[in-house]
Amino acid sequence: MANTTISTNAATPSSLRKWAGVVPFFLFAILFLILPSLRLFVGSFTNNAGQFTLDNILQLFEEQSILNAYWLSIRISAVTAIGGGIFGFLLAYSVTVGGLPKQLRSVLITFSGVASNFAGVPLAFAFVATLGRTGIITAILKDVFGFEIYKTGFNLYSFLGLSLTYLYFQFPLMVLVMTPALDGLKREWREAAENLGASNMQYWWRVALPVLLPSILGSMILLFGNAFGAYATAYALTGGALPIVTIQIGAQIRGDVLHNPGLGYAMAMGMVVIMAISLAGYSWLQSKSERWLK
Amino acid sequence: MNDSLYKYLTWRALRSKPRDRKFNFWSWFWYLLGALYFILPLYATFTFSIEMQRDTLSFLAYEKAFADKEFWHTFGYSNLVALLTILVSALLSIPTAYWIRLRLPQARRIVEFITLLPFVVPAIILVFGLIRIYSSSFNIPFTDIALIPPLTNFRAGTTILLVAGYTVLALPYMYRSVDTGMRTIDVATLTEAAQSLGADWKTIMLRVIFPNLRSALLSGALLTFAIVVGEVTIASFLGVPAFGPYLFLLGQHRAYEPAALSFTSFLLTWMAMGLIQLVTGGQGQATGAH
């Protein structure tokens with residue numbers, strides 16, 4: 001048992017044994033995460049005859065239906081990230097700096113934890129019952145205000161409808177990430193600003209927002225990725241009628257709708273690239289925000 | 001010096017009081033708007049679900065939904081899968097996080113990178129890759145001898161793939177939860193103390209580390225449960241009889257029962273999150289994947 005003490009020095013045989021402790025983890029990651037991802041990566045550079053090609057990647061930028069799918073996904077993700085981000089920030093503000101009672105804060109946090117996990121089929125059904133043709137809001141607007149939203153061209157199974165549905169899990173996520181950041185605003189900064197004669201507006205515009213900005217932007221990027229990768233909610237709500245990227249990839253898995261497996265892999269890789277860029281952006285901004293907050 | 005501090009404190013107390021007491025219109029406005037957004041869809045689902053019988057309110061939709069054998073079958077299957085996922089992800093996370101803290105700090109970066117990957121590879125891409133890899137048999141390299149038959153072709157195989165896929169989705173939460181738990185209890189000192197009292201590795205893991213990680217594990221497990229039980233994407237592409245796809249299909253040809261089950265699944269998520277708040281004392285931040 002002598003060599004199991006903590007301060008074993010790294011000699012070559014024991015350093016090999018040291019890595020043995022993490023083998024199950026790496027084996028699992030390789031089998032069920034790295035290998036499947038690599039398969040798609042290699043596939044996106046392979047043509048039907050099994051040879052190396054860049055055609056799939058190039059075709060990604062030529063095929064109009066694919067470009068449209070990416071553009072639609074990016075728009076929905078951006079709209080719900082910015083909308084959900086602003087709304088979530090205001091909610092987080094109301095329970096931190098805004099001076100609402102403490103109990104309301106814990107209710108909001110718990111509810112946000114639930115709502116940010118309440119996605120997929122149940123969420124889609126809930127919004128059909130709310131804003132569908134016979135939904136409760138639709139009925140209230142018609143009976144009380146005489147306003148028929150479906151006559152205005154509104155449709156739950158459209159861009160706007162899906163965005164409103166996504167917002168249900170988007171802004172709670174913003175609440176969860178922004179609340180600690182807003183807690184990090186030091187009271188002394190406000191006092192210092194006020195001692196120097198700053199108004200409330202000036203304090204927010206010149207002190208608080210610049211400190212919070214990396215954190216706000218980073219969180220919005222997180223929300224963007226959250227919406228960009230979503231599949232189940234959109235599929236359950238629109239049944240595939242709204243051709244966002246994830247829906248298109250789903251169709252490609254079920255049956256080769258693009259008539260080119262390689263192109264399907266390239267499309268999947270494109271998603272991974274966009275997700276990777278947003279994650280990198282998030283962690284870069286997060287490290288920037290830690291300069292002042294925490 | 002003391003005098004000026006006293007003045008400062010009084011000044012601060014005086015000027016902070018009116019601000020706290022002031023009725024803050026905009027805070028209330030946003031909070032109530034948020035509350036409406038949260039509650040309205042749930043209220044709509046609930047009222048819809050109790051309107052199955054004409055002109056009366058009843059829980060008929062719930063009775064019918066719960067009377068369906070297929071519901072219990074799929075719901076039981078999903079719970080079993082959730083349990084297996086929690087078990088596998090805990091068994092992968094605890095020893096790894098422990099080993100890295102104690103013996104292998106140089107592996108920290110790469111392991112943390114891997115636990116972040118599921119955020120970059122969404123569920124739909126993951127299941128795409130899993131199907132492409134495991135729909136053909138795994139041969140011994142350069143031969144035709146099959147080591148593993150195609151996992152997508154039989155029930156046990158798809159269940160293995162499902163648990164593996166869910167474990168990948170759960171890994172960020174489970175690993176981080178466990179790792180944070182280990183940071184707060186100072187595993188190195190605990191291990192040294194246990195060793196100096198003559199404990200072997202099994203005793204250290206089972207009787208020292210594990211009990212101290214209970215709340216971290218529980219919050220990771222509950223979050224995993226919330227993510228896994230209603231998951232649709234991976235389950236439907238693997239063609240397993242899970243609750244998510246069942247609910248989706250039910251929604252295609254029924255109206256009231258899906259609403260009843262949606263509301264029930266909301267309550268379940270709510271319970272899981274409430275328990276997380278309880279075990280972590282409100283410190284837990286819980287967000288899952290979609």
# chains A, B, ... in the order shown; residues from 1 in each chain; ligands from 1
>>> residues_around(residues="Ala115 of chain A", least_positions_apart="2", cutoff="8 Å", atoms="only C-alpha atoms", output="VMD selection string")
(chain A and resid 111 to 113 117 to 119 168 to 169 172) or (chain B and resid 38)
>>> closest_atom_pairs(of="chain A", to="chain B", cutoff="6 Å", atoms="only C-alpha atoms", output="Markdown table")
| residue | atom | partner | partner_atom | distance |
| --- | --- | --- | --- | --- |
| A:Val22 | CA | B:Thr96 | CA | 5.4 |
| A:Phe25 | CA | B:Leu92 | CA | 5.6 |
| A:Pro36 | CA | B:Gly129 | CA | 4.1 |
| A:Ser37 | CA | B:Gly129 | CA | 5.8 |
| A:Leu91 | CA | B:Tyr31 | CA | 5.8 |
| A:Ser94 | CA | B:Ser27 | CA | 4.3 |
| A:Gly98 | CA | B:Ser27 | CA | 5.5 |
| A:Gly99 | CA | B:Asp20 | CA | 5.9 |
| A:Gly113 | CA | B:Ala286 | CA | 5.3 |
| A:Val114 | CA | B:Trp270 | CA | 5.5 |
| A:Ser116 | CA | B:Thr287 | CA | 6.0 |
| A:Asn117 | CA | B:Gly288 | CA | 5.4 |
| A:Pro122 | CA | B:Ser262 | CA | 4.5 |
| A:Ala126 | CA | B:Pro41 | CA | 5.2 |
| A:Phe127 | CA | B:Pro41 | CA | 5.9 |
| A:Ala129 | CA | B:Ala44 | CA | 5.5 |
| A:Thr130 | CA | B:Pro41 | CA | 5.4 |
| A:Ile136 | CA | B:Ala44 | CA | 5.9 |
| A:Gly229 | CA | B:Pro122 | CA | 5.3 |
| A:Ala230 | CA | B:His290 | CA | 5.4 |
| A:Ala232 | CA | B:Thr233 | CA | 5.7 |
| A:Val272 | CA | B:Val120 | CA | 5.8 |
| A:Met275 | CA | B:Val120 | CA | 5.0 |
| A:Ala276 | CA | B:Val120 | CA | 5.3 |
>>> atom_distance(atom1="atom CA of Glu191 of chain A", atom2="atom CA of Arg105 of chain A")
24.0 Å
>>> residues_around(residues="segment 140-151 of chain A", least_positions_apart="6", cutoff="10 Å", atoms="only C-alpha atoms", output="PyMOL selection string")
chain A and resi 131-133
>>> write_last_selection(atoms="C-alpha atoms", output="PDB file, in the first residue's frame")
ATOM      1  CA  LEU A 131     -52.323  30.361 -28.868  1.00  0.00           C
ATOM      2  CA  GLY A 132     -53.721  27.719 -31.229  1.00  0.00           C
ATOM      3  CA  ARG A 133     -56.922  28.282 -33.183  1.00  0.00           C
TER       4      ARG A 133
END
>>> closest_residue(among="A:Ser65, A:Arg190, A:Phe28, A:Pro243", to="Val88 of chain B", atoms="only C-alpha atoms")
A:Phe28
>>> atom_distance(atom1="atom CA of Met174 of chain B", atom2="atom CA of Val229 of chain B")
16.1 Å
>>> atom_distance(atom1="atom CA of Leu108 of chain A", atom2="atom CA of Leu173 of chain A")
11.4 Å
>>> select_by_dssp(residues="segment 47-282 of chain A", states="helix (DSSP H, G or I)", output="ChimeraX atom specification")
/A:55-60,64-95,102-115,121-131,136-145,149-151,159-183,187-195,200-228,232-238,245-254,261-282
>>> residues_around(residues="Ala92 of chain A", least_positions_apart="5", cutoff="8 Å", atoms="only C-alpha atoms", output="JSON list (two decimals) with N, CA and C atoms, in the first residue's frame")
[["chain", "number", "residue", "atom", "x", "y", "z"],
["A", 175, "VAL", "N", -32.63, 34.36, -16.99],
["A", 175, "VAL", "CA", -32.80, 34.68, -15.57],
["A", 175, "VAL", "C", -31.77, 33.92, -14.74],
["A", 176, "LEU", "N", -31.62, 32.61, -15.07],
["A", 176, "LEU", "CA", -30.70, 31.79, -14.27],
["A", 176, "LEU", "C", -29.25, 32.23, -14.40],
["A", 178, "MET", "N", -28.23, 35.38, -15.44],
["A", 178, "MET", "CA", -28.00, 36.79, -15.15],
["A", 178, "MET", "C", -28.14, 37.14, -13.66],
["A", 179, "THR", "N", -28.96, 36.38, -12.92],
["A", 179, "THR", "CA", -29.17, 36.73, -11.51],
["A", 179, "THR", "C", -27.86, 36.80, -10.72],
["A", 182, "LEU", "N", -25.96, 39.98, -11.72],
["A", 182, "LEU", "CA", -26.52, 41.21, -11.14],
["A", 182, "LEU", "C", -26.23, 41.29, -9.65]]
>>> residues_around(residues="Ser177 of chain B", least_positions_apart="2", cutoff="9 Å", atoms="only C-alpha atoms", output="mmCIF file with C-alpha atoms, in the first residue's frame")
data_model
loop_
_atom_site.group_PDB
_atom_site.id
_atom_site.type_symbol
_atom_site.label_atom_id
_atom_site.label_comp_id
_atom_site.auth_asym_id
_atom_site.auth_seq_id
_atom_site.Cartn_x
_atom_site.Cartn_y
_atom_site.Cartn_z
ATOM 1 C CA PRO B 172 -21.996 18.196 -18.318
ATOM 2 C CA TYR B 173 -24.439 18.518 -15.432
ATOM 3 C CA MET B 174 -23.432 15.363 -13.592
ATOM 4 C CA TYR B 175 -19.692 15.911 -13.912
ATOM 5 C CA ASP B 179 -16.704 18.207 -9.357
ATOM 6 C CA THR B 180 -18.128 21.227 -7.531
ATOM 7 C CA GLY B 181 -19.197 18.937 -4.709
ATOM 8 C CA MET B 182 -15.655 17.595 -4.423
ATOM 9 C CA ALA B 216 -24.317 17.062 -5.394
ATOM 10 C CA LEU B 217 -25.229 13.657 -6.782
ATOM 11 C CA SER B 219 -29.141 17.404 -7.783
ATOM 12 C CA GLY B 220 -27.288 15.979 -10.796
ATOM 13 C CA GLY B 284 -28.374 24.791 -7.487
#
>>> select_by_dssp(residues="segment 85-190 of chain B", states="strand (DSSP E)", output="ChimeraX atom specification")
/B:138-139,146-148
>>> residues_around(residues="Ile57 of chain A", least_positions_apart="3", cutoff="8 Å", atoms="only C-alpha atoms", output="short mmCIF file (atom, residue, chain, number, x, y, z; two decimals) with N, CA and C atoms, in the first residue's frame")
data_model
loop_
_atom_site.label_atom_id
_atom_site.label_comp_id
_atom_site.auth_asym_id
_atom_site.auth_seq_id
_atom_site.Cartn_x
_atom_site.Cartn_y
_atom_site.Cartn_z
N SER A 44 -18.57 14.07 -44.17
CA SER A 44 -18.83 15.31 -44.90
C SER A 44 -17.72 15.63 -45.89
N PHE A 45 -16.60 14.90 -45.80
CA PHE A 45 -15.52 15.08 -46.78
C PHE A 45 -15.40 13.87 -47.71
N LEU A 54 -14.25 17.89 -51.48
CA LEU A 54 -14.70 19.11 -50.81
C LEU A 54 -16.06 19.53 -51.34
N LEU A 60 -22.95 22.96 -49.82
CA LEU A 60 -23.65 23.54 -48.69
C LEU A 60 -23.99 25.01 -48.93
N PHE A 61 -23.06 25.69 -49.63
CA PHE A 61 -23.25 27.12 -49.86
C PHE A 61 -23.96 27.42 -51.17
N LEU A 263 -23.70 15.23 -48.20
CA LEU A 263 -24.23 16.58 -48.00
C LEU A 263 -24.95 16.66 -46.64
N ALA A 266 -22.36 17.02 -44.07
CA ALA A 266 -21.81 18.38 -44.11
C ALA A 266 -22.75 19.35 -43.41
#
